[in-house]
$ cat run_0.csv   # CSV, C-alpha atoms
chain,number,residue,atom,x,y,z
A,22,MET,CA,108.6,121.3,118.1
A,23,ASN,CA,109.0,117.6,117.7
A,24,SER,CA,112.0,117.6,120.0
A,25,VAL,CA,109.7,118.2,122.9
A,26,GLU,CA,108.2,114.7,122.3
A,27,THR,CA,111.3,113.1,123.7
A,28,LEU,CA,110.0,113.9,127.2
A,29,LEU,CA,108.1,110.7,126.7
A,30,ASP,CA,109.0,107.6,124.9
A,31,VAL,CA,105.7,107.7,123.0
A,32,GLU,CA,106.3,104.6,121.0
A,33,ALA,CA,107.0,102.5,124.1
A,34,ILE,CA,103.8,104.0,125.7
A,35,ARG,CA,101.8,103.1,122.6
A,36,ALA,CA,103.0,99.5,122.8
A,37,ASP,CA,101.2,99.4,126.2
A,38,PHE,CA,97.8,100.1,124.5
A,39,PRO,CA,96.9,97.2,122.3
A,40,ILE,CA,93.8,98.9,120.9
A,41,LEU,CA,95.9,101.5,119.1
A,42,ASP,CA,97.6,98.9,116.9
A,43,GLN,CA,94.8,98.4,114.4
A,44,ALA,CA,93.5,99.7,111.1
A,45,ILE,CA,90.0,101.0,110.7
A,46,LYS,CA,90.1,99.5,107.2
A,47,PRO,CA,92.9,98.1,105.1
A,48,GLY,CA,95.8,100.6,104.9
A,49,VAL,CA,94.1,103.1,107.3
A,50,PRO,CA,95.5,102.9,110.8
A,51,LEU,CA,93.6,104.2,113.7
A,52,VAL,CA,94.3,107.8,115.0
A,53,TYR,CA,92.4,108.1,118.3
A,54,LEU,CA,91.7,111.7,119.2
A,55,ASP,CA,88.6,111.3,121.4
A,56,ASN,CA,90.4,111.2,124.7
A,57,ALA,CA,88.3,113.9,126.4
A,58,ALA,CA,85.3,111.5,126.0
A,59,SER,CA,87.2,108.4,127.1
A,60,SER,CA,90.8,107.3,127.0
A,61,GLN,CA,92.2,104.0,126.0
A,62,LYS,CA,93.4,101.4,128.6
A,63,PRO,CA,97.0,100.1,129.0
A,64,LEU,CA,97.7,96.4,129.4
A,65,ALA,CA,98.5,97.0,133.1
A,66,VAL,CA,94.9,98.0,133.8
A,67,ILE,CA,93.4,95.2,131.7
A,68,GLU,CA,95.6,92.6,133.3
A,69,ALA,CA,95.0,93.9,136.8
A,70,MET,CA,91.2,93.5,136.4
A,71,ASN,CA,91.7,90.1,134.7
A,72,ASP,CA,93.9,89.0,137.5
A,73,TYR,CA,91.2,89.8,140.0
A,74,TYR,CA,88.6,87.8,138.2
A,75,ARG,CA,91.0,84.9,137.5
A,76,ARG,CA,92.6,84.6,141.0
A,77,TYR,CA,90.7,86.2,143.8
A,78,HIS,CA,87.2,87.3,142.9
A,79,ALA,CA,85.1,87.7,146.0
A,80,ASN,CA,83.0,90.3,147.7
A,81,VAL,CA,84.9,92.8,149.9
A,82,HIS,CA,84.7,93.8,153.5
A,83,ARG,CA,82.2,91.2,154.7
A,84,GLY,CA,84.1,88.0,154.3
A,85,ILE,CA,86.9,86.5,156.4
A,86,HIS,CA,88.0,83.8,154.0
A,87,ALA,CA,91.2,84.2,152.0
A,88,LEU,CA,89.7,85.4,148.7
A,89,SER,CA,87.6,88.0,150.3
A,90,GLU,CA,90.5,89.3,152.4
A,91,LYS,CA,92.7,89.5,149.3
A,92,ALA,CA,90.0,91.3,147.3
A,93,THR,CA,89.4,93.7,150.2
A,94,ALA,CA,93.1,94.5,150.5
A,95,ALA,CA,93.3,95.2,146.8
A,96,TYR,CA,90.1,97.4,146.8
A,97,GLU,CA,91.3,99.5,149.8
A,98,GLU,CA,94.8,99.7,148.3
A,99,ALA,CA,93.3,101.2,145.2
A,100,ARG,CA,91.5,103.8,147.4
A,101,ALA,CA,94.8,104.7,149.0
A,102,LYS,CA,96.5,105.1,145.6
A,103,VAL,CA,93.8,107.4,144.4
A,104,ALA,CA,94.1,109.5,147.6
A,105,ALA,CA,97.8,109.9,147.2
A,106,PHE,CA,97.4,110.7,143.5
A,107,ILE,CA,95.4,113.8,144.2
A,108,ASN,CA,97.1,114.5,147.6
A,109,ALA,CA,94.0,113.9,149.8
A,110,GLY,CA,94.6,114.1,153.5
A,111,SER,CA,93.3,110.6,154.0
A,112,ARG,CA,92.1,107.6,152.0
A,113,ARG,CA,88.8,108.0,154.0
A,114,GLU,CA,88.2,111.2,152.0
A,115,ILE,CA,87.9,109.1,148.8
A,116,VAL,CA,84.5,107.7,148.0
A,117,PHE,CA,84.3,105.3,145.0
A,118,VAL,CA,81.6,106.1,142.5
A,119,ARG,CA,80.8,105.0,138.9
A,120,ASN,CA,81.8,108.4,137.4
A,121,ALA,CA,82.1,112.1,138.0
A,122,THR,CA,78.4,112.5,137.3
A,123,GLU,CA,77.4,110.2,140.1
A,124,ALA,CA,79.9,112.0,142.4
A,125,VAL,CA,78.2,115.4,141.7
A,126,ASN,CA,74.8,113.9,142.3
A,127,LEU,CA,76.0,112.4,145.5
A,128,VAL,CA,77.1,115.8,146.8
A,129,MET,CA,73.8,117.4,145.6
A,130,TYR,CA,71.6,114.8,147.3
A,131,SER,CA,73.6,114.3,150.4
A,132,TRP,CA,75.1,117.7,151.1
A,133,GLY,CA,73.0,120.0,149.0
A,134,ARG,CA,69.6,118.9,150.2
A,135,VAL,CA,70.6,119.5,153.8
A,136,ASN,CA,72.6,122.7,153.4
A,137,ILE,CA,70.8,124.6,150.6
A,138,GLY,CA,67.3,126.1,151.0
A,139,ALA,CA,64.9,128.7,149.7
A,140,GLY,CA,66.7,131.9,148.7
A,141,ASP,CA,70.2,130.5,148.9
A,142,VAL,CA,72.6,130.9,146.0
A,143,ILE,CA,74.5,128.4,143.9
A,144,VAL,CA,77.2,129.8,141.7
A,145,LEU,CA,78.4,127.8,138.6
A,146,THR,CA,80.2,128.7,135.4
A,147,GLN,CA,78.9,129.1,131.9
A,148,MET,CA,81.4,126.4,130.8
A,149,GLU,CA,80.3,123.6,133.1
A,150,HIS,CA,79.5,120.1,131.8
A,151,HIS,CA,75.8,119.3,132.1
A,152,ALA,CA,76.7,117.0,135.0
A,153,ASN,CA,77.6,120.0,137.1
A,154,ILE,CA,74.6,122.0,135.9
A,155,VAL,CA,71.6,119.8,135.8
A,156,PRO,CA,71.8,118.4,139.4
A,157,TRP,CA,71.9,121.9,140.8
A,158,GLN,CA,69.1,123.0,138.6
A,159,LEU,CA,67.0,120.1,140.0
A,160,LEU,CA,68.0,121.2,143.6
A,161,ALA,CA,67.3,124.8,142.9
A,162,GLN,CA,63.8,124.0,141.6
A,163,GLU,CA,63.1,121.7,144.6
A,164,LYS,CA,64.4,124.2,147.2
A,165,GLY,CA,63.7,127.5,145.7
A,166,ALA,CA,67.4,128.4,145.5
A,167,GLU,CA,68.9,130.8,143.0
A,168,LEU,CA,71.5,129.8,140.3
A,169,ARG,CA,74.1,132.3,139.2
A,170,PHE,CA,76.7,131.8,136.4
A,171,ILE,CA,80.2,133.1,135.9
A,172,PRO,CA,80.3,134.2,132.2
A,173,VAL,CA,82.9,133.2,129.6
A,174,THR,CA,84.8,135.7,127.5
A,175,GLU,CA,85.2,135.5,123.8
A,176,ASP,CA,88.6,133.9,124.1
A,177,GLY,CA,87.4,131.2,126.4
A,178,PHE,CA,88.3,132.5,129.9
A,179,LEU,CA,86.1,132.9,132.9
A,180,ASP,CA,85.1,136.5,133.4
A,181,LEU,CA,85.8,137.1,137.1
A,182,SER,CA,85.2,140.8,137.0
A,183,ASP,CA,81.8,140.5,138.7
A,184,LEU,CA,82.8,137.6,141.0
A,185,ASP,CA,82.3,139.7,144.1
A,186,TRP,CA,78.7,140.4,143.2
A,187,LEU,CA,78.1,136.8,142.2
A,188,LEU,CA,79.4,135.8,145.6
A,189,SER,CA,77.2,138.2,147.5
A,190,GLY,CA,74.3,137.2,149.6
A,191,PRO,CA,73.6,133.7,150.9
A,192,VAL,CA,75.9,131.8,148.6
A,193,LYS,CA,76.3,128.2,149.7
A,194,LEU,CA,78.2,126.5,146.9
A,195,VAL,CA,80.5,127.4,144.0
A,196,GLY,CA,80.8,124.7,141.4
A,197,VAL,CA,83.7,125.1,138.9
A,198,VAL,CA,85.2,123.0,136.2
A,199,HIS,CA,89.0,122.8,136.5
A,200,MET,CA,89.5,122.3,132.8
A,201,SER,CA,86.9,122.8,130.1
A,202,ASN,CA,86.1,119.8,127.9
A,203,VAL,CA,85.3,122.2,125.0
A,204,VAL,CA,87.6,125.2,125.0
A,205,GLY,CA,90.3,123.5,127.1
A,206,THR,CA,90.7,126.4,129.5
A,207,ILE,CA,92.5,125.6,132.8
A,208,ASN,CA,90.6,127.7,135.3
A,209,PRO,CA,92.2,129.5,138.3
A,210,VAL,CA,90.4,127.2,140.8
A,211,ALA,CA,92.6,128.1,143.8
A,212,GLU,CA,91.8,131.8,143.4
A,213,ILE,CA,88.1,131.1,142.9
A,214,ALA,CA,88.1,128.8,146.0
A,215,ALA,CA,89.8,131.4,148.2
A,216,ARG,CA,87.2,134.0,147.2
A,217,ALA,CA,84.3,131.6,147.6
A,218,HIS,CA,85.5,130.5,151.1
A,219,ALA,CA,85.8,134.1,152.1
A,220,ALA,CA,82.2,134.5,151.2
A,221,GLY,CA,81.2,131.5,153.3
A,222,ALA,CA,80.6,129.1,150.4
A,223,ARG,CA,81.7,125.5,149.8
A,224,VAL,CA,83.6,124.7,146.6
A,225,LEU,CA,83.0,121.7,144.3
A,226,VAL,CA,85.6,121.1,141.5
A,227,ASP,CA,84.8,119.1,138.4
A,228,ALA,CA,88.3,117.6,137.7
A,229,ALA,CA,87.2,115.0,135.1
A,230,GLN,CA,89.4,116.7,132.5
A,231,SER,CA,92.3,117.7,134.7
A,232,VAL,CA,93.1,114.7,136.9
A,233,PRO,CA,94.0,112.6,133.8
A,234,HIS,CA,96.3,115.1,132.3
A,235,MET,CA,98.1,117.1,135.0
A,236,GLN,CA,99.2,117.0,138.6
A,237,VAL,CA,96.1,117.9,140.7
A,238,ASP,CA,96.5,118.6,144.4
A,239,VAL,CA,93.2,119.0,146.2
A,240,GLN,CA,94.8,120.6,149.2
A,241,ALA,CA,96.6,123.2,147.1
A,242,LEU,CA,93.3,123.9,145.2
A,243,ASP,CA,91.5,124.1,148.6
A,244,ALA,CA,88.6,122.2,147.2
A,245,ASP,CA,85.8,121.0,149.5
A,246,PHE,CA,84.7,118.4,147.0
A,247,LEU,CA,86.4,117.2,143.8
A,248,VAL,CA,85.1,114.7,141.3
A,249,PHE,CA,86.6,112.7,138.4
A,250,SER,CA,86.1,109.6,136.3
A,251,GLY,CA,88.4,106.6,135.9
A,252,HIS,CA,87.6,106.0,132.2
A,253,LYS,CA,89.2,109.3,131.2
A,254,MET,CA,92.5,108.5,132.9
A,255,CYS,CA,93.4,105.1,131.5
A,256,GLY,CA,91.1,103.3,133.9
A,257,PRO,CA,87.9,101.3,133.3
A,258,THR,CA,84.4,102.6,132.8
A,259,GLY,CA,82.2,102.4,135.9
A,260,SER,CA,85.0,103.8,138.1
A,261,GLY,CA,85.5,107.2,139.6
A,262,ALA,CA,86.0,109.1,142.8
A,263,LEU,CA,84.5,111.8,144.9
A,264,TYR,CA,87.0,113.6,147.2
A,265,GLY,CA,85.4,115.3,150.1
A,266,ARG,CA,86.8,116.9,153.2
A,267,ARG,CA,86.4,114.3,155.9
A,268,ALA,CA,84.8,116.8,158.3
A,269,LEU,CA,82.1,117.4,155.6
A,270,LEU,CA,81.6,113.8,154.7
A,271,GLU,CA,81.1,113.0,158.4
A,272,THR,CA,78.2,115.4,158.6
A,273,MET,CA,76.5,114.3,155.4
A,274,PRO,CA,73.6,111.7,155.4
A,275,PRO,CA,74.0,108.6,153.2
A,276,PHE,CA,73.4,108.8,149.5
A,277,MET,CA,71.8,105.4,149.2
A,278,GLY,CA,70.6,102.8,151.8
A,279,GLY,CA,71.5,99.1,151.8
A,280,GLY,CA,74.2,96.8,152.8
A,281,GLU,CA,77.8,97.9,153.6
A,282,MET,CA,76.8,101.5,154.5
A,283,ILE,CA,75.5,100.5,157.9
A,284,LYS,CA,77.0,99.4,161.2
A,285,ARG,CA,73.8,98.1,162.7
A,286,VAL,CA,70.2,97.7,161.6
A,287,THR,CA,67.1,97.0,163.6
A,288,LEU,CA,63.4,97.1,162.6
A,289,GLU,CA,63.3,100.5,164.3
A,290,GLY,CA,66.3,102.1,162.6
A,291,ALA,CA,69.9,101.9,161.5
A,292,GLU,CA,73.3,103.3,162.5
A,293,TRP,CA,75.6,104.4,159.6
A,294,ASN,CA,79.0,103.1,158.8
A,295,ASP,CA,82.1,105.3,159.0
A,296,VAL,CA,83.2,107.3,155.9
A,297,PRO,CA,83.7,106.4,153.2
A,298,GLY,CA,81.7,103.2,153.7
A,299,LYS,CA,78.6,105.3,154.5
A,300,PHE,CA,78.4,106.3,150.9
A,301,GLU,CA,79.2,103.0,149.2
A,302,ALA,CA,76.0,101.0,149.6
A,303,GLY,CA,75.8,97.5,148.2
A,304,THR,CA,78.5,95.4,146.4
A,305,PRO,CA,80.9,97.9,144.8
A,306,ALA,CA,82.5,97.8,141.4
A,307,ILE,CA,85.5,95.9,142.8
A,308,ALA,CA,87.3,95.0,139.6
A,309,GLU,CA,86.8,98.6,138.3
A,310,ALA,CA,88.3,100.1,141.5
A,311,ILE,CA,91.3,97.8,141.2
A,312,GLY,CA,91.6,98.8,137.6
A,313,LEU,CA,91.5,102.5,138.6
A,314,GLY,CA,94.3,101.8,141.1
A,315,ALA,CA,96.4,100.2,138.3
A,316,ALA,CA,95.7,103.3,136.1
A,317,VAL,CA,97.0,105.5,138.9
A,318,ASP,CA,100.1,103.4,139.1
A,319,TYR,CA,100.6,103.6,135.4
A,320,LEU,CA,100.2,107.4,135.1
A,321,ALA,CA,102.3,108.0,138.2
A,322,GLY,CA,105.0,105.8,136.9
A,323,ILE,CA,105.3,107.9,133.8
A,324,GLY,CA,105.0,111.2,135.6
A,325,MET,CA,102.1,113.6,135.4
A,326,ASP,CA,104.4,116.6,134.7
A,327,LYS,CA,105.9,114.8,131.7
A,328,ILE,CA,102.4,113.8,130.5
A,329,HIS,CA,101.2,117.4,130.8
A,330,ALA,CA,104.3,118.8,129.0
A,331,HIS,CA,103.8,116.3,126.2
A,332,GLU,CA,100.2,117.2,125.7
A,333,ARG,CA,101.0,120.9,125.8
A,334,ALA,CA,103.5,120.4,123.0
A,335,ILE,CA,101.0,118.3,121.0
A,336,THR,CA,98.3,121.0,121.5
A,337,ALA,CA,100.6,123.8,120.5
A,338,TYR,CA,101.4,121.9,117.3
A,339,ALA,CA,97.8,121.2,116.6
A,340,LEU,CA,96.8,124.9,117.0
A,341,GLU,CA,99.5,125.8,114.5
A,342,ARG,CA,98.4,123.2,112.0
A,343,LEU,CA,94.7,123.9,112.3
A,344,ASP,CA,95.4,127.5,111.8
A,345,GLU,CA,96.7,126.6,108.3
A,346,VAL,CA,93.4,125.1,107.2
A,347,PRO,CA,91.1,127.7,105.5
A,348,GLY,CA,87.8,128.2,107.3
A,349,VAL,CA,88.8,126.5,110.5
A,350,ARG,CA,88.2,128.4,113.8
A,351,VAL,CA,89.5,126.9,117.1
A,352,TYR,CA,87.8,128.0,120.3
A,353,GLY,CA,89.5,128.7,123.6
A,354,PRO,CA,92.7,130.4,124.7
A,355,ALA,CA,95.4,131.1,122.2
A,356,ASP,CA,98.0,130.7,124.9
A,357,VAL,CA,98.8,127.0,125.2
A,358,SER,CA,100.0,127.4,128.7
A,359,LYS,CA,96.5,128.2,129.8
A,360,ARG,CA,94.7,125.3,128.2
A,361,GLY,CA,94.8,121.5,128.1
A,362,GLY,CA,94.9,119.0,125.3
A,363,VAL,CA,91.4,119.8,123.9
A,364,THR,CA,90.8,121.6,120.5
A,365,ALA,CA,87.2,122.2,119.6
A,366,PHE,CA,86.8,123.8,116.2
A,367,THR,CA,84.4,124.6,113.4
A,368,MET,CA,84.9,124.6,109.6
A,369,GLU,CA,83.2,127.1,107.4
A,370,ASP,CA,80.1,125.7,105.5
A,371,MET,CA,80.5,122.3,107.1
A,372,HIS,CA,78.5,120.8,110.0
A,373,PRO,CA,80.7,119.3,112.8
A,374,HIS,CA,79.0,115.9,112.4
A,375,ASP,CA,79.9,115.8,108.7
A,376,ILE,CA,83.5,116.6,109.5
A,377,ALA,CA,83.7,113.8,112.1
A,378,GLN,CA,82.1,111.3,109.7
A,379,LEU,CA,84.4,112.2,106.8
A,380,VAL,CA,87.7,112.2,108.8
A,381,ASN,CA,86.6,108.8,110.2
A,382,GLU,CA,86.9,107.5,106.7
A,383,MET,CA,90.6,108.3,107.0
A,384,GLY,CA,90.9,106.5,110.4
A,385,VAL,CA,90.7,109.7,112.6
A,386,ALA,CA,88.4,109.4,115.6
A,387,VAL,CA,87.2,112.8,116.8
A,388,ARG,CA,84.0,113.9,118.6
A,389,ALA,CA,81.2,116.0,117.2
A,390,GLY,CA,78.3,117.6,119.1
A,391,HIS,CA,77.8,119.9,122.0
A,392,HIS,CA,80.0,117.7,124.3
A,393,CYS,CA,77.5,117.9,127.1
A,394,ALA,CA,78.1,121.7,127.3
A,395,MET,CA,75.2,123.2,125.5
A,396,PRO,CA,75.2,126.6,127.4
A,397,LEU,CA,78.9,127.1,126.4
A,398,HIS,CA,78.0,126.4,122.8
A,399,GLN,CA,75.1,128.8,123.1
A,400,ARG,CA,77.5,131.4,124.3
A,401,TYR,CA,79.3,131.2,121.0
A,402,ASN,CA,76.1,130.8,119.0
A,403,LEU,CA,77.1,127.3,117.9
A,404,PRO,CA,74.9,124.2,117.6
A,405,ALA,CA,78.0,122.0,117.8
A,406,THR,CA,81.8,121.8,117.4
A,407,THR,CA,84.2,119.1,116.2
A,408,ARG,CA,86.7,118.2,119.0
A,409,ALA,CA,90.1,116.6,118.8
A,410,SER,CA,91.6,115.7,122.2
A,411,PHE,CA,95.0,114.4,123.0
A,412,TYR,CA,96.7,112.1,125.5
A,413,LEU,CA,100.0,110.7,126.4
A,414,TYR,CA,100.0,108.2,123.5
A,415,ASN,CA,99.3,110.7,120.7
A,416,THR,CA,102.0,111.8,118.3
A,417,PHE,CA,102.7,114.9,116.1
A,418,GLU,CA,102.2,112.7,113.1
A,419,GLU,CA,98.7,112.0,114.2
A,420,VAL,CA,98.0,115.7,114.2
A,421,ASP,CA,99.3,115.8,110.6
A,422,ARG,CA,96.9,112.9,109.8
A,423,LEU,CA,94.0,115.0,111.3
A,424,VAL,CA,94.9,118.0,109.2
A,425,GLU,CA,95.2,115.9,106.1
A,426,ALA,CA,91.8,114.4,106.8
A,427,LEU,CA,90.3,117.9,107.2
A,428,TYR,CA,91.7,118.9,103.8
A,429,ALA,CA,90.2,115.8,102.3
A,430,ALA,CA,86.8,116.6,104.0
A,431,LYS,CA,86.9,120.1,102.5
A,432,SER,CA,87.5,118.7,99.1
A,433,VAL,CA,84.4,116.5,99.3
A,434,PHE,CA,82.3,119.6,100.1
A,435,ALA,CA,84.0,121.5,97.3
A,436,LEU,CA,82.7,119.1,94.6
$ encode --input "run_0.csv" --output "structure tokens"
Amino acid sequence: MNSVETLLDVEAIRADFPILDQAIKPGVPLVYLDNAASSQKPLAVIEAMNDYYRRYHANVHRGIHALSEKATAAYEEARAKVAAFINAGSRREIVFVRNATEAVNLVMYSWGRVNIGAGDVIVLTQMEHHANIVPWQLLAQEKGAELRFIPVTEDGFLDLSDLDWLLSGPVKLVGVVHMSNVVGTINPVAEIAARAHAAGARVLVDAAQSVPHMQVDVQALDADFLVFSGHKMCGPTGSGALYGRRALLETMPPFMGGGEMIKRVTLEGAEWNDVPGKFEAGTPAIAEAIGLGAAVDYLAGIGMDKIHAHERAITAYALERLDEVPGVRVYGPADVSKRGGVTAFTMEDMHPHDIAQLVNEMGVAVRAGHHCAMPLHQRYNLPATTRASFYLYNTFEEVDRLVEALYAAKSVFAL
């Protein structure tokens, strides 16, 4: 198993992440396994943002002086990098947002309020993050629309056996997570999109957990909208992107009003800017966008296929080791080729929060809770799970550290 790790020079990669080189307390080095919540940042990203603030900080688009022109060029170059990273047809199909949550809300307010009405149907899945449930609940309540949900099987897959019925009637939107942040399932988005389009619906893909970890091609997925966050893919917080088909974005009204999103304003009315500017009101998060562009460069330089293969190997090893621990149950597909680097689990007679607190004493950072996916936890009759999630800088030895920490936690509760 460990030979697979040679696909990446993990030690060289770890040297790019200064935060990893620390001890939680004397003699207890950090093992960071909370990447599904937020990844760490390489020096290249930190330095790109620092360089902007040190050498050419200025507002973008509206200035003609040298600093503003340099800032504008870097900001728009970052947009082009993001577009290429997910194979968008044009950089104009990329709208910068603060995170995937804001991107979903943008689609809901701008597209959904215009196109979804009383009696219309929105289809989601039982494994969605709250960010792709709550906005549509709000819209359904406001408009009198109906919400339907694709169920999840016991082994963590979407049950598509009734998809034809779910897509019947006036279905306007299908929202689907590409990779679950709990069970790790990589969903057949292209298949779902094809069936949704045949039924006349638009498709929104939550790719917050997939874009950081595998090659994502919006054209191959045939997504109408796709959202993701920068902070999960080695980029800064406060950065993210909405991909939207340009023809759709052109028809959508603005999300917010203010500066930058206009061409002309009079006391009687306003004329909107071209996309994507129409959706980026006010001074944007310039440094964060530049940092996101640097993160794209970093990941692309390593290779998304190599990153995905490394994480698959780490996950396979983690599933094997966790299976050795008495009382541990891991949720999601057993086939590692059908899941990403997320392992949510429970331990008999121990609350997930207690597990997370105890393993932290051994330097292991994991997540505990419902991971903003309460309906999925309710599907398994669980109040919470403990989640270990892996990235390009994690090692097999860190999985061993996790397992050792779990045994230590069990021994505390055995006293």
$ atom_distance --input "run_0.csv" --atom1 "atom CA of A:Asp183" --atom2 "atom CA of A:Ala217"
12.8 Å
$ atom_distance --input "run_0.csv" --atom1 "atom CA of A:Thr122" --atom2 "atom CA of A:Ala152"
5.3 Å
$ atom_distance --input "run_0.csv" --atom1 "atom CA of A:Phe417" --atom2 "atom CA of A:Ala339"
8.0 Å
$ residues_around --input "run_0.csv" --residues "A:Leu160" --least-positions-apart "4" --cutoff "9 Å" --atoms "all atoms listed in the file" --output "ChimeraX atom specification"
/A:129-130,133-134,137-138,155-156,164-166
$ closest_residue --input "run_0.csv" --among "A:Gln61, A:Asn381, A:Gln240, A:Asn126" --to "A:Val49" --atoms "all atoms listed in the file"
A:Asn381
$ closest_residue --input "run_0.csv" --among "A:His218, A:Arg112, A:Lys431, A:Lys327" --to "A:Leu29" --atoms "all atoms listed in the file"
A:Lys327
$ residues_around --input "run_0.csv" --residues "A:Val346" --least-positions-apart "2" --cutoff "10 Å" --atoms "only C-alpha atoms" --output "NGL selection string"
:A and (341-344 or 348-350 or 368 or 424-425 or 427-428 or 431)
$ write_last_selection --input "run_0.csv" --atoms "C-alpha atoms" --output "compact mmCIF listing (two decimals), in the frame of the given file"
# COMPACT_ATOMS: atom_id res chain seq x y z
CA GLU A 341 99.50 125.80 114.50
CA ARG A 342 98.40 123.20 112.00
CA LEU A 343 94.70 123.90 112.30
CA ASP A 344 95.40 127.50 111.80
CA GLY A 348 87.80 128.20 107.30
CA VAL A 349 88.80 126.50 110.50
CA ARG A 350 88.20 128.40 113.80
CA MET A 368 84.90 124.60 109.60
CA VAL A 424 94.90 118.00 109.20
CA GLU A 425 95.20 115.90 106.10
CA LEU A 427 90.30 117.90 107.20
CA TYR A 428 91.70 118.90 103.80
CA LYS A 431 86.90 120.10 102.50
$ closest_residue --input "run_0.csv" --among "A:Val66, A:Val142, A:Leu397, A:Ala429" --to "A:Ile376" --atoms "all atoms listed in the file"
A:Ala429
$ closest_residue --input "run_0.csv" --among "A:Ala262, A:Ala33, A:Ala87, A:Ile143" --to "A:Glu123" --atoms "all atoms listed in the file"
A:Ala262
$ residues_near_point --input "run_0.csv" --point "(76.5, 125.5, 130.6)" --cutoff "6 Å" --atoms "only C-alpha atoms" --output "number ranges by chain"
A: 147-149, 394-397
$ residues_around --input "run_0.csv" --residues "A:Val197" --least-positions-apart "3" --cutoff "7 Å" --atoms "only C-alpha atoms" --output "MDAnalysis selection string"
chainID A and resid 145:146 149 225:227
$ closest_residue --input "run_0.csv" --among "A:Ala337, A:Gly196, A:Ile283, A:Gly324" --to "A:Asp30" --atoms "all atoms listed in the file"
A:Gly324
$ residues_near_point --input "run_0.csv" --point "(83.4, 108.2, 154.7)" --cutoff "10 Å" --atoms "all atoms listed in the file" --output "PyMOL selection string"
chain A and resi 112-116+264-273+275+282+293-301
$ residues_around --input "run_0.csv" --residues "A:Ser59" --least-positions-apart "6" --cutoff "10 Å" --atoms "all atoms listed in the file" --output "PyMOL selection string"
chain A and resi 250-258+410
$ closest_residue --input "run_0.csv" --among "A:Gly259, A:Asn208, A:Ala121, A:Ala334" --to "A:Phe246" --atoms "all atoms listed in the file"
A:Ala121
$ axis_aligned_box --input "run_0.csv" --around "stretch 251-266 of chain A" --padding-each-side "5 Å" --output "AutoDock Vina command-line options"
--center_x 87.8 --center_y 109.1 --center_z 142.2 --size_x 21.2 --size_y 25.6 --size_z 32.0
